[in-house]
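Working notes for the structure below.
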Amino acid sequence: MRANKRFWVAATVCAAVVAGATGCTQGDDKAADPFAGLTADAIAEKGVQTTKAATALRMSGTGKTEGKDMTTDFTLDAKGSCKGTMAASAGKDGKAEILRTGGFTYMKGDDAFWRSTGGEEGASADEAGAMATLLKGRWMKMPSQGDDNDLGSLCDLKTMIKEMDDEKKSDRTGLTRGEDADVDGTPAVALTKKKGAETTTFYVAKEGKPYLLRVVATGGKEPGTVTFSEFDKALTVAAPPADQVVDMAQLAELSGS
């Protein structure tokens with residue numbers, strides 16, 4: 001599970017690092033183009049700073065890692081609450097729901113998910129099968145530490161935003177502004193960077209607040225798309241019923257570890 005968690009952090013957090021770059025904006029009419037007169041790096045910075053200030057957002061994505069197609073869809077807020085789903089290989093390698101509230105992260109996977117993840121990196125097929133049996137229809141409860149060794153960090157908006165702003169600062173150069181685009185009905189500026197075989201395009205909203213709306217990576221080893229939406233919408237997350245929860249200590253006792 002830890003290896004898969006690292007993918008989610010890399011694919012949905014690190015890949016979402018927006019880079020400022022040199023380049024010129026298009027158009028002279030500020031009423032038509034709110035970014036008129038700004039360089040590409042200034043536009044990108046607006047996108048980063050505006051997204052950092054969001055109190056909540058939805059982050060959904062698709063990508064490929066280790067030969068598997070992955071999907072994720074999370075809604076999270078600045079108070080530490082989160083809920084969402086993730087799946088591998090269109091669900092063939094399992095699906096899981098994740099909740100984060102009250103300082104704890106809860107995960108509920110289907111049989112295929114627990115068998116494919118093994119619960120812990122390096123677990124045997126028998127151990128994975130035992131975990132799948134023990135957790136069938138139940139939520140696994142974990143402390144949310146909010147660091148890169150904890151699944152809860154994936155569900156933590158503050159951590160995600162910090163990664164967005166701090167990680168891979170060297171990637172914050174080399175973007176150029178292309179033709180404007182439409183992202184789910186919102187006009188957006190398209191900022192593109194090419195690095196070797198990989199092309200990454202970042203979309204920043206032209207209407208309303210200049211949020212980062214989408215990141216698309218193609219041509220590289222881990223292509224994918226991450227879309228951001230539902231900014232600043234209130235989020236309510238309730239912990240699962242107690243009789244449906246197994247914490248990690250109980251899981252160790254039940255499995256005889």
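Note on naming: chains are A, B, ... as they come in the structure tokens, residues start from 1 per chain, ligands start from 1 in the order shown.
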Exercise for review: Would you list, as a list in words, the residues of stretch 204-239 of chain A that end up in strand (DSSP E or B) under DSSP run on this structure's backbone?
Suggested key: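 After running DSSP on the backbone, stretch 204-239 of chain A has strand (DSSP E or B) at Val204, Ala205, Leu212, Leu213, Arg214, Val215, Val216, Ala217, Thr218, Gly224, Thr225, Val226, Thr227, Phe228 and Ser229 of chain A.
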Check your understanding: Which residues, written as a list in words, have at least one atom at most 10 Å from A:Lys136, with only C-alpha atoms counted and residues fewer than 5 positions away on the same chain left out?
Key ->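 Counting only C-alpha atoms, the residues come to Lys108, Gly109, Asp110, Asp111, Trp114, Ala130, Met131 and Gln244 of chain A.
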**Study point:** Residues near A:Gly80, cut-off 9 Å, only C-alpha atoms, skip fewer than 2 positions along chain, as a PyMOL selection string
**Key:** chain A and resi 76-78+82+100-103+155-158
Prev. selection, N, CA and C atoms, output as a short mmCIF file (atom, residue, chain, number, x, y, z; two decimals), in the first residue's frame:
data_model
loop_
_atom_site.label_atom_id
_atom_site.label_comp_id
_atom_site.auth_asym_id
_atom_site.auth_seq_id
_atom_site.Cartn_x
_atom_site.Cartn_y
_atom_site.Cartn_z
N LEU A 76 -11.07 17.75 -0.66
CA LEU A 76 -10.37 17.99 0.59
C LEU A 76 -10.41 19.45 0.97
N ASP A 77 -10.26 19.72 2.27
CA ASP A 77 -10.32 21.11 2.72
C ASP A 77 -9.19 21.44 3.67
N ALA A 78 -9.07 22.73 4.01
CA ALA A 78 -7.97 23.22 4.83
C ALA A 78 -8.10 22.82 6.30
N CYS A 82 -11.35 15.11 4.32
CA CYS A 82 -11.17 14.63 2.95
C CYS A 82 -12.05 13.43 2.72
N ARG A 100 -11.01 11.15 5.65
CA ARG A 100 -10.10 11.71 6.65
C ARG A 100 -10.88 12.72 7.47
N THR A 101 -10.95 12.48 8.77
CA THR A 101 -11.66 13.38 9.66
C THR A 101 -11.23 13.12 11.09
N GLY A 102 -11.26 14.15 11.92
CA GLY A 102 -10.95 13.98 13.33
C GLY A 102 -9.55 13.47 13.61
N GLY A 103 -8.61 13.70 12.71
CA GLY A 103 -7.24 13.25 12.93
C GLY A 103 -6.98 11.82 12.54
N CYS A 155 -4.58 13.10 1.65
CA CYS A 155 -5.88 13.67 1.91
C CYS A 155 -5.79 14.98 2.69
N ASP A 156 -4.62 15.58 2.73
CA ASP A 156 -4.41 16.79 3.51
C ASP A 156 -4.16 17.96 2.57
N LEU A 157 -5.08 18.92 2.55
CA LEU A 157 -4.98 20.04 1.61
C LEU A 157 -3.74 20.87 1.87
N LYS A 158 -3.43 21.14 3.15
CA LYS A 158 -2.27 21.96 3.45
C LYS A 158 -0.99 21.31 2.96
#
Practice item. Rank A:Phe202, A:Phe228, A:Phe113, A:Trp139 by their smallest atom-to-atom distance to A:Asp247, using only C-alpha atoms, and report the top residue only. Key: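 Among the listed residues, the smallest separation from A:Asp247 belongs to A:Trp139.
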**Study point:** Distance of atom CA of A:Tyr106 from atom CA of A:Arg58, expressed in Å to one decimal place
**Key:**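 Atom-to-atom, atom CA of A:Arg58 and atom CA of A:Tyr106 are spaced 18.3 Å apart.
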**Study point:** Å distance separating atom CA of A:Ala32 from atom CA of A:Val204, one decimal place
**Key:**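 Result for atom CA of A:Ala32 versus atom CA of A:Val204: 15.0 Å, one decimal.
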Review point. Hey, which of A:Asp166, A:Glu207, A:Asp69, A:Glu179 ends up closest to A:Gly224? Count only C-alpha atoms.
Key: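 For A:Gly224, the nearest of the given residues is A:Asp69.
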Point to revise | Distance of atom CA of A:Phe104 from atom CA of A:Leu134, expressed in Å to one decimal place | key: 19.8 Å
Practice item. Identify, on the basis of only C-alpha atoms, every residue whose closest approach to A:Asp182 does not exceed 12 Å; exclude the query and any residue fewer than 2 positions from it along the same chain; express the result as a PyMOL selection string. Key: chain A and resi 179-180+184-190+203-207+213-214
Check your understanding: For A:Gly137, which residue among A:Gly67, A:Pro240, A:Gly47, A:Gly178 is the nearest when counting only C-alpha atoms?
Key ->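 Counting only C-alpha atoms, the residue closest to A:Gly137 is A:Pro240.
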